[in-house]
Structure formats: structure tokens, C-alpha cells
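J.: Have a look at the structure that comes next, please.
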Amino acid sequence: MSKLADSIVIRKGTVDDCESTLQLIKELAEYENMSSQVKLTLAQFKEDGFGKDPYYQLLVVENCHPSDSGTGEKMTKLIGYALYFKKYSTFEGRSIYLEDIYVTPAFRKQGIGMSLLKNLAQLAISEKCVRIDFCVLSWNKSAIDFYEKLGAVDITKLEDWHYFRIFNEQIKKLASC
Amino acid sequence: MSKLPNGVVIRKGVTDDCEEVLRLVKELSEYENMLPDVKLTLDQFREDGFGDNLYFQLLVAEKCGSSDSGTGEEKAKLIGYALYFKKYSTFEGRSIYLENLYVALAFRKQGIGFALFKNLAKVAVSEKCARIEFCCLSWNKMAIDFYEKIGAVDITKQENWHCFKILDEEIRMLASC
């Protein structure tokens with residue numbers, strides 16, 4: 001595995017990373033042609049990750065670069081993230097669900113995506129999680145190639161699993177019928 | 001919506017339900033032709049649902065049985081369950097993932113599956129969850145018809161999402177590469 005550049009750090013995300021991460025979430029959604037589906041607000045995103053009842057955890061990728069002011073000062077900027085949470089499989093037990101993994105295009109092919117997944121795998125082991133699940137759009141060949149190289153299996157193709165969703169409006173109807 | 005049959009209640013699952021629920025988990029896996037994939041032990045299942053670090057929540061469908069001779073007592077039996085946990089969507093925020101929903105064969109077509117879903121929808125509304133998501137095998141037409149009647153959308157068909165998994169062996173290789 002290629003070593004990360006010296007200017008790149010992968011660390012746990014904090015509440016102060018939420019604004020930049022939300023920006024990257026919107027970049028990813030645009031790439032997936034789904035920007036109009038992003039309804040998340042910054043306040044909600046902060047609360048849901050770092051409030052009393054956390055719904056997700058974050059790994060972020062930070063790039064350290066010299067500031068434009070010419071003072072020699074260093075600035076940091078988030079250029080990637082992985083958003084994940086605990087899941088449960090009635091087959092294997094404790095699992096992790098990787099909701100999003102993203103590296104900004106200018107920083108691709110530098111081993112950052114691989115490092116994020118390696119960090120996630122180490123977290124999985126420390127939490128005794130035996131499975132990592134995620135979804136990928138079937139047209140995203142470069143992502144699929146990458147995941148399959150790491151040993152991921154497309155269980156839609158292999159085992160005929162389809163992903164279903166009930167949206168908010170239908171949930172409310174169902175709850176009150 | 002049809003009323004629940006006499007003697008059937010839907011309630012939150014407790015530690016003492018784990019053995020029965022695990023038996024129903026195996027029934028469901030057998031129906032899915034995936035019984036050998038169930039590696040979960042009863043101890044682990046109890047710990048993960050009711051220990052210090054919770055991975056899932058349970059709704060159970062319970063039927064009062066016939067009375068023991070002479071005592072007038074009724075033995076209750078679990079005939080269905082829904083196993084779920086919190087999830088997060090970077091599009092809409094708080095969500096619920098329904099890992100399993102199952103009603104024993106002898107108790108189908110009596111509104112129990114629907115009642116489990118309705119209860120889950122109420123949990124979603126009270127927790128401000130905007131989505132309920134789950135997977136279903138594409139050959140399970142009966143289940144798919146049921147889900148689509150209650151407003152679920154197949155987003156593998158509609159939006160081309162494929163489900164992927166990385167299992168324990170590959171996680172360990174990734175963590176140590």
C-alpha cells in the first residue's frame with residue numbers, strides 16, 4: 001500500500017469538522033447526480049454526530065498546506081471523509097455500515113481512499129465487528145473495481161439482495177393508519 | 001388495516017426473548033436458503049442487544065398459547081419479530097434500518113407483519129427518522145408486493161444502488177496491509 005504524503009493526516013472527525021464535511025457530502029452527491037436529495041442542515045448534522053444520541057461517526061482526511069499570505073503559516077483543509085455507524089447482521093453479528101467514503105478529485109490516486117478503508121477495518125477489528133456493508137451505484141465502475149480489489153463482494157449481483165426505502169411521507173401514513 | 005388476531009400482541013423485545021428470536025432468525029434464514037450463513041450465538045446475540053454496547057433493538061409479536069391443564073395459566077410464544085437499529089443518511093439524516101422482519105408461516109395473512117411495520121413507523125416518527133431502509137431478496141415476490149403496497153421503493157431497480165459486503169477475513173487483511 002502506498003504511503004500517505006507527509007501533508008496528509010487521517011483522524012477522527014470532531015464537531016468543528018461538520019461544516020467542511022457537509023461541503024464534501026454535497027460534492028459527493030453532485031458526483032452521484034443526487035444533489036437535490038441532500039436535505040441535511042448543518043445544525044442537524046452537528047447534533048446527530050456529536051449531540052446526546054450520536055447516529056454516526058466520522059473519519060476525516062486533512063491536508064496541510066502553506067497559506068496564501070506568504071507568512072509561512074500553515075492551513076489545513078478537509079479533502080476526504082468516511083461516515084459510518086454500527087450495524088447488526090443476523091448472520092454474523094456486529095458490523096459496520098459505511099454510508100459515505102469520499103476523496104476530493106484533486107487528491108485521488110494517492111492512497112487516501114485505501115487509508116480511510118484501512119482505518120475503518122482497524123476500527124472494525126477493535127470493536128469486534130466482522131462485517132462492513134455499504135452501497136455503490138452500479139455505474140460507478142472505478143469505485144466498484146477499487147472495492148472488489150479489497151475483497152468486497154457485490155451481494156446484489158451474487159445473492160440477489162435489493163435495497164428498499166420507505167420515505168418520510170409513507171412512514172407518517174403508516175404510523176397513523 | 002385489519003386488527004391483530006385475538007391473543008396476539010406486539011411489544012418491545014427483552015433479554016428473555018433472545019432464545020426464541022434466534023430460533024425465528026434461523027427459520028427466516030432457512031426460508032432465504034441461507035441457514036449456513038448464520039454464525040450468531042445466543043450469548044453474543046444477548047450481549048449485542050441488551051449489554052453495555054447496544055447494536056440492535058427488537059419488536060416481537062407474541063401469541064398467548066393454550067392453558068396448561070388445571071393451572072389456567074397461558075404459555076406465550078413468539079411468532080414474529082422485527083430487528084432494527086439506527087442508521088444515518090447523508091441526504092436526509094436520521095433513519096432506521098430494518099435488518100429482519102419475520103412472521104412464522106402458520107401466522108401469515110393475519111395483519112401481524114403490517115402491525116410490526118406500523119409499530120416501527122411509530123418508532124421512526126418519535127425518533128424523528130426520515131427513512132426506513134431494508135434489503136429483500138429479489139425472488140421474494142410476495143414480500144416485495146407487501147413492501148411496495150406500504151409505500152416502499154426498490155432503489156436497486158429505481159436508482160441502481162448495489163449492496164456490497166466485506167467479511168472478516170478481508171477486513172483483517174485490509175487492517176494489516
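Residue numbering restarts at 1 for every chain of the C-alpha cells, chains are lettered A, B, ... in their displayed order, and ligands are numbered from 1 as they appear.
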Near A:Lys77, within 9 Å and counting only C-alpha atoms, which residues show up once chain neighbours fewer than 5 positions away are dropped, as a PyMOL selection string?
T.: chain A and resi 20+61-65
J.: Since we have the selection now, will you write its residues out, keeping N, CA and C atoms, as an mmCIF file, in the first residue's frame?
T.:
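See again_23.cif below for the written result:
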data_model
loop_
_atom_site.group_PDB
_atom_site.id
_atom_site.type_symbol
_atom_site.label_atom_id
_atom_site.label_comp_id
_atom_site.auth_asym_id
_atom_site.auth_seq_id
_atom_site.Cartn_x
_atom_site.Cartn_y
_atom_site.Cartn_z
ATOM 1 N N SER A 20 -17.167 21.613 6.989
ATOM 2 C CA SER A 20 -16.367 21.164 5.830
ATOM 3 C C SER A 20 -16.829 19.807 5.323
ATOM 4 N N VAL A 61 -10.012 13.363 6.417
ATOM 5 C CA VAL A 61 -8.683 13.464 5.828
ATOM 6 C C VAL A 61 -8.336 14.939 5.726
ATOM 7 N N GLU A 62 -7.231 15.288 6.339
ATOM 8 C CA GLU A 62 -6.841 16.691 6.404
ATOM 9 C C GLU A 62 -5.558 16.894 5.596
ATOM 10 N N ASN A 63 -5.532 17.945 4.778
ATOM 11 C CA ASN A 63 -4.315 18.275 4.036
ATOM 12 C C ASN A 63 -3.752 19.580 4.577
ATOM 13 N N CYS A 64 -2.491 19.540 4.913
ATOM 14 C CA CYS A 64 -1.828 20.722 5.464
ATOM 15 C C CYS A 64 -1.120 21.436 4.320
ATOM 16 N N HIS A 65 -1.380 22.729 4.143
ATOM 17 C CA HIS A 65 -0.745 23.439 3.038
ATOM 18 C C HIS A 65 -0.365 24.846 3.471
#
J.: Quick check for you: according to DSSP on this backbone, which residues of stretch 6-128 of chain A are classed as alpha helix (DSSP H)? Reply as a short mmCIF file (atom, residue, chain, number, x, y, z; two decimals) with all heavy atoms, in the first residue's frame.
T.:
data_model
loop_
_atom_site.label_atom_id
_atom_site.label_comp_id
_atom_site.auth_asym_id
_atom_site.auth_seq_id
_atom_site.Cartn_x
_atom_site.Cartn_y
_atom_site.Cartn_z
N CYS A 18 -17.72 19.51 10.97
CA CYS A 18 -19.03 19.26 10.35
C CYS A 18 -19.29 20.13 9.12
O CYS A 18 -19.79 19.64 8.11
CB CYS A 18 -20.16 19.44 11.35
SG CYS A 18 -20.29 18.05 12.48
N GLU A 19 -18.91 21.40 9.22
CA GLU A 19 -19.21 22.30 8.10
C GLU A 19 -18.46 21.86 6.84
O GLU A 19 -19.06 21.74 5.76
CB GLU A 19 -18.84 23.73 8.47
CG GLU A 19 -19.35 24.73 7.45
CD GLU A 19 -19.35 26.17 7.97
OE1 GLU A 19 -18.88 26.41 9.11
OE2 GLU A 19 -19.82 27.05 7.22
N SER A 20 -17.17 21.61 6.99
CA SER A 20 -16.37 21.16 5.83
C SER A 20 -16.83 19.81 5.32
O SER A 20 -16.86 19.56 4.12
CB SER A 20 -14.89 21.06 6.20
OG SER A 20 -14.39 22.31 6.53
N THR A 21 -17.20 18.91 6.25
CA THR A 21 -17.65 17.57 5.84
C THR A 21 -18.95 17.68 5.06
O THR A 21 -19.13 17.00 4.03
CB THR A 21 -17.83 16.65 7.05
OG1 THR A 21 -16.61 16.61 7.79
CG2 THR A 21 -18.19 15.24 6.62
N LEU A 22 -19.85 18.54 5.52
CA LEU A 22 -21.12 18.70 4.81
C LEU A 22 -20.87 19.21 3.39
O LEU A 22 -21.56 18.82 2.44
CB LEU A 22 -22.03 19.65 5.60
CG LEU A 22 -23.52 19.66 5.21
CD1 LEU A 22 -24.11 18.26 5.13
CD2 LEU A 22 -24.31 20.50 6.20
N GLN A 23 -19.88 20.06 3.24
CA GLN A 23 -19.50 20.55 1.91
C GLN A 23 -19.04 19.38 1.03
O GLN A 23 -19.44 19.27 -0.15
CB GLN A 23 -18.36 21.57 2.08
CG GLN A 23 -17.94 22.28 0.79
CD GLN A 23 -19.10 22.83 0.01
OE1 GLN A 23 -20.00 23.47 0.57
NE2 GLN A 23 -19.13 22.55 -1.28
N LEU A 24 -18.26 18.47 1.60
CA LEU A 24 -17.79 17.31 0.84
C LEU A 24 -18.94 16.35 0.53
O LEU A 24 -18.98 15.72 -0.53
CB LEU A 24 -16.69 16.58 1.62
CG LEU A 24 -15.39 17.36 1.80
CD1 LEU A 24 -14.43 16.59 2.72
CD2 LEU A 24 -14.70 17.63 0.47
N ILE A 25 -19.90 16.24 1.46
CA ILE A 25 -21.09 15.41 1.24
C ILE A 25 -21.83 15.91 0.00
O ILE A 25 -22.28 15.13 -0.84
CB ILE A 25 -22.02 15.43 2.48
CG1 ILE A 25 -21.43 14.57 3.60
CG2 ILE A 25 -23.43 14.95 2.13
CD1 ILE A 25 -22.15 14.68 4.93
N LYS A 26 -21.93 17.22 -0.10
CA LYS A 26 -22.64 17.81 -1.25
C LYS A 26 -21.86 17.59 -2.54
O LYS A 26 -22.44 17.34 -3.59
CB LYS A 26 -22.91 19.29 -1.00
CG LYS A 26 -23.97 19.48 0.08
CD LYS A 26 -24.19 20.94 0.47
CE LYS A 26 -25.25 21.01 1.57
NZ LYS A 26 -25.45 22.34 2.10
N GLU A 27 -20.54 17.63 -2.46
CA GLU A 27 -19.70 17.32 -3.64
C GLU A 27 -19.96 15.89 -4.10
O GLU A 27 -20.12 15.63 -5.30
CB GLU A 27 -18.21 17.44 -3.28
CG GLU A 27 -17.58 18.78 -3.53
CD GLU A 27 -16.07 18.77 -3.23
OE1 GLU A 27 -15.37 17.79 -3.57
OE2 GLU A 27 -15.61 19.78 -2.66
N LEU A 28 -19.98 14.96 -3.16
CA LEU A 28 -20.21 13.54 -3.49
C LEU A 28 -21.60 13.36 -4.10
O LEU A 28 -21.77 12.67 -5.11
CB LEU A 28 -20.04 12.67 -2.24
CG LEU A 28 -20.42 11.18 -2.38
CD1 LEU A 28 -19.68 10.50 -3.52
CD2 LEU A 28 -20.15 10.43 -1.06
N ALA A 29 -22.60 14.01 -3.50
CA ALA A 29 -23.98 13.90 -4.01
C ALA A 29 -24.07 14.43 -5.44
O ALA A 29 -24.77 13.86 -6.28
CB ALA A 29 -24.94 14.66 -3.09
N GLU A 30 -23.32 15.48 -5.73
CA GLU A 30 -23.32 16.05 -7.08
C GLU A 30 -22.72 15.05 -8.06
O GLU A 30 -23.26 14.82 -9.14
CB GLU A 30 -22.51 17.33 -7.09
CG GLU A 30 -22.79 18.18 -8.33
CD GLU A 30 -22.30 19.60 -8.16
OE1 GLU A 30 -22.95 20.41 -7.48
OE2 GLU A 30 -21.23 19.88 -8.74
N TYR A 31 -21.63 14.41 -7.66
CA TYR A 31 -20.99 13.39 -8.50
C TYR A 31 -21.96 12.24 -8.78
O TYR A 31 -21.98 11.68 -9.88
CB TYR A 31 -19.72 12.87 -7.80
CG TYR A 31 -19.09 11.68 -8.46
CD1 TYR A 31 -18.42 11.80 -9.68
CD2 TYR A 31 -19.19 10.41 -7.90
CE1 TYR A 31 -17.85 10.70 -10.30
CE2 TYR A 31 -18.62 9.30 -8.52
CZ TYR A 31 -17.96 9.45 -9.72
OH TYR A 31 -17.40 8.35 -10.33
N LEU A 42 -26.72 21.93 8.56
CA LEU A 42 -25.51 21.88 9.38
C LEU A 42 -25.85 21.63 10.85
O LEU A 42 -25.21 20.81 11.52
CB LEU A 42 -24.70 23.17 9.21
CG LEU A 42 -23.40 23.26 10.01
CD1 LEU A 42 -22.47 22.09 9.69
CD2 LEU A 42 -22.68 24.59 9.73
N ALA A 43 -26.89 22.33 11.33
CA ALA A 43 -27.28 22.17 12.74
C ALA A 43 -27.66 20.72 13.05
O ALA A 43 -27.23 20.15 14.05
CB ALA A 43 -28.43 23.11 13.07
N GLN A 44 -28.45 20.12 12.16
CA GLN A 44 -28.87 18.74 12.37
C GLN A 44 -27.67 17.79 12.29
O GLN A 44 -27.53 16.87 13.09
CB GLN A 44 -29.91 18.35 11.31
CG GLN A 44 -30.71 17.10 11.67
CD GLN A 44 -31.45 17.26 12.97
OE1 GLN A 44 -32.19 18.22 13.16
NE2 GLN A 44 -31.25 16.33 13.90
N PHE A 45 -26.81 18.04 11.33
CA PHE A 45 -25.63 17.20 11.12
C PHE A 45 -24.73 17.22 12.37
O PHE A 45 -24.25 16.18 12.82
CB PHE A 45 -24.87 17.69 9.88
CG PHE A 45 -23.77 16.77 9.42
CD1 PHE A 45 -24.01 15.42 9.20
CD2 PHE A 45 -22.49 17.26 9.19
CE1 PHE A 45 -22.99 14.56 8.77
CE2 PHE A 45 -21.48 16.40 8.74
CZ PHE A 45 -21.73 15.07 8.54
N LYS A 46 -24.57 18.39 12.93
CA LYS A 46 -23.76 18.53 14.16
C LYS A 46 -24.42 17.75 15.31
O LYS A 46 -23.77 16.98 16.01
CB LYS A 46 -23.65 20.00 14.59
CG LYS A 46 -22.57 20.79 13.89
CD LYS A 46 -22.54 22.23 14.40
CE LYS A 46 -21.33 22.96 13.82
NZ LYS A 46 -21.58 24.39 13.65
N GLU A 47 -25.71 17.98 15.49
CA GLU A 47 -26.45 17.33 16.58
C GLU A 47 -26.40 15.81 16.45
O GLU A 47 -26.18 15.08 17.42
CB GLU A 47 -27.90 17.82 16.56
CG GLU A 47 -28.82 17.18 17.57
CD GLU A 47 -28.45 17.46 19.02
OE1 GLU A 47 -27.82 18.52 19.28
OE2 GLU A 47 -28.74 16.61 19.88
N ASP A 48 -26.60 15.31 15.23
CA ASP A 48 -26.70 13.87 15.01
C ASP A 48 -25.37 13.14 15.15
O ASP A 48 -25.33 11.94 15.37
CB ASP A 48 -27.30 13.58 13.63
CG ASP A 48 -28.75 14.02 13.52
OD1 ASP A 48 -29.41 14.19 14.58
OD2 ASP A 48 -29.22 14.22 12.38
N GLY A 49 -24.27 13.89 15.01
CA GLY A 49 -22.96 13.25 15.15
C GLY A 49 -22.33 13.47 16.51
O GLY A 49 -21.56 12.63 17.00
N PHE A 50 -22.66 14.60 17.15
CA PHE A 50 -21.93 15.00 18.35
C PHE A 50 -22.84 15.44 19.49
O PHE A 50 -22.37 15.99 20.47
CB PHE A 50 -20.93 16.10 17.96
CG PHE A 50 -19.96 15.62 16.91
CD1 PHE A 50 -20.21 15.84 15.56
CD2 PHE A 50 -18.84 14.89 17.27
CE1 PHE A 50 -19.35 15.36 14.57
CE2 PHE A 50 -17.97 14.40 16.29
CZ PHE A 50 -18.23 14.63 14.94
N ILE A 112 -5.28 7.62 -0.50
CA ILE A 112 -6.07 8.17 0.61
C ILE A 112 -7.32 7.32 0.86
O ILE A 112 -7.64 7.00 2.01
CB ILE A 112 -6.42 9.65 0.35
CG1 ILE A 112 -5.14 10.48 0.30
CG2 ILE A 112 -7.36 10.18 1.43
CD1 ILE A 112 -5.31 11.90 -0.17
N GLY A 113 -8.02 6.97 -0.20
CA GLY A 113 -9.22 6.11 -0.06
C GLY A 113 -8.87 4.81 0.62
O GLY A 113 -9.55 4.34 1.54
N MET A 114 -7.76 4.21 0.20
CA MET A 114 -7.28 2.96 0.79
C MET A 114 -6.96 3.15 2.27
O MET A 114 -7.31 2.30 3.11
CB MET A 114 -6.02 2.53 0.03
CG MET A 114 -5.42 1.25 0.51
SD MET A 114 -6.49 -0.14 0.20
CE MET A 114 -5.32 -1.45 0.27
N SER A 115 -6.32 4.27 2.61
CA SER A 115 -6.01 4.55 4.02
C SER A 115 -7.26 4.71 4.86
O SER A 115 -7.32 4.25 6.00
CB SER A 115 -5.19 5.83 4.15
OG SER A 115 -3.91 5.61 3.66
N LEU A 116 -8.26 5.38 4.30
CA LEU A 116 -9.54 5.52 5.02
C LEU A 116 -10.13 4.14 5.31
O LEU A 116 -10.57 3.86 6.42
CB LEU A 116 -10.54 6.34 4.20
CG LEU A 116 -10.42 7.86 4.32
CD1 LEU A 116 -11.24 8.54 3.21
CD2 LEU A 116 -10.88 8.35 5.68
N LEU A 117 -10.13 3.27 4.31
CA LEU A 117 -10.69 1.94 4.50
C LEU A 117 -9.85 1.11 5.47
O LEU A 117 -10.38 0.34 6.26
CB LEU A 117 -10.83 1.22 3.16
CG LEU A 117 -12.06 1.65 2.38
CD1 LEU A 117 -12.04 1.11 0.96
CD2 LEU A 117 -13.35 1.20 3.07
N LYS A 118 -8.55 1.29 5.41
CA LYS A 118 -7.68 0.58 6.35
C LYS A 118 -7.99 1.01 7.79
O LYS A 118 -8.11 0.18 8.69
CB LYS A 118 -6.22 0.83 6.02
CG LYS A 118 -5.27 0.18 7.00
CD LYS A 118 -3.82 0.32 6.58
CE LYS A 118 -2.92 -0.06 7.77
NZ LYS A 118 -1.63 -0.60 7.34
N ASN A 119 -8.14 2.32 7.99
CA ASN A 119 -8.51 2.83 9.32
C ASN A 119 -9.84 2.23 9.77
O ASN A 119 -10.02 1.84 10.92
CB ASN A 119 -8.65 4.35 9.28
CG ASN A 119 -7.35 5.06 9.61
OD1 ASN A 119 -7.10 5.44 10.75
ND2 ASN A 119 -6.49 5.20 8.63
N LEU A 120 -10.79 2.17 8.84
CA LEU A 120 -12.11 1.64 9.16
C LEU A 120 -12.01 0.17 9.54
O LEU A 120 -12.67 -0.29 10.48
CB LEU A 120 -13.04 1.83 7.96
CG LEU A 120 -14.51 1.64 8.27
CD1 LEU A 120 -15.02 2.75 9.17
CD2 LEU A 120 -15.32 1.62 6.96
N ALA A 121 -11.19 -0.58 8.79
CA ALA A 121 -11.01 -2.00 9.08
C ALA A 121 -10.41 -2.19 10.47
O ALA A 121 -10.81 -3.08 11.23
CB ALA A 121 -10.12 -2.65 8.02
N GLN A 122 -9.47 -1.32 10.83
CA GLN A 122 -8.85 -1.42 12.17
C GLN A 122 -9.88 -1.12 13.25
O GLN A 122 -9.92 -1.77 14.29
CB GLN A 122 -7.66 -0.46 12.27
CG GLN A 122 -6.47 -0.96 11.47
CD GLN A 122 -5.35 0.05 11.36
OE1 GLN A 122 -5.50 1.22 11.69
NE2 GLN A 122 -4.20 -0.40 10.86
N LEU A 123 -10.74 -0.15 13.00
CA LEU A 123 -11.83 0.16 13.95
C LEU A 123 -12.77 -1.04 14.07
O LEU A 123 -13.21 -1.39 15.16
CB LEU A 123 -12.66 1.34 13.42
CG LEU A 123 -12.13 2.70 13.81
CD1 LEU A 123 -12.72 3.79 12.92
CD2 LEU A 123 -12.49 2.99 15.26
N ALA A 124 -13.08 -1.65 12.94
CA ALA A 124 -13.97 -2.81 12.94
C ALA A 124 -13.40 -3.91 13.84
O ALA A 124 -14.09 -4.47 14.69
CB ALA A 124 -14.18 -3.33 11.51
N ILE A 125 -12.12 -4.17 13.68
CA ILE A 125 -11.48 -5.23 14.48
C ILE A 125 -11.51 -4.87 15.96
O ILE A 125 -11.84 -5.69 16.81
CB ILE A 125 -10.04 -5.48 13.99
CG1 ILE A 125 -10.09 -6.18 12.63
CG2 ILE A 125 -9.26 -6.33 14.99
CD1 ILE A 125 -8.77 -6.30 11.94
N SER A 126 -11.20 -3.62 16.28
CA SER A 126 -11.17 -3.24 17.70
C SER A 126 -12.55 -3.32 18.33
O SER A 126 -12.69 -3.56 19.52
CB SER A 126 -10.55 -1.85 17.88
OG SER A 126 -11.43 -0.88 17.42
#
J.: Do a neighbour search on A:Phe164 at 6 Å with only C-alpha atoms, toss out local chain neighbours closer than 4 positions, and write the hits as a PyMOL selection string.
T.: chain B and resi 133-135+153-155
J.: DSSP says strand (DSSP E) for which residues of chain A? Put them as JSON, numbers by chain?
T.: {"A": [8, 9, 10, 11, 12, 57, 58, 59, 60, 61, 62, 63, 64, 65, 66, 74, 75, 76, 77, 78, 79, 80, 81, 82, 83, 84, 85, 86, 87, 88, 89, 93, 94, 95, 96, 97, 98, 99, 100, 101, 102, 103, 131, 132, 133, 134, 135, 136, 137, 153, 154, 161, 162, 163, 164, 165, 166, 167]}
J.: Considering only C-alpha atoms, can you say which of B:Arg172, B:Phe45, B:Lys77, B:Val125 comes closest to B:Gly65?
T.: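 Result for the nearest residue to B:Gly65: B:Lys77.
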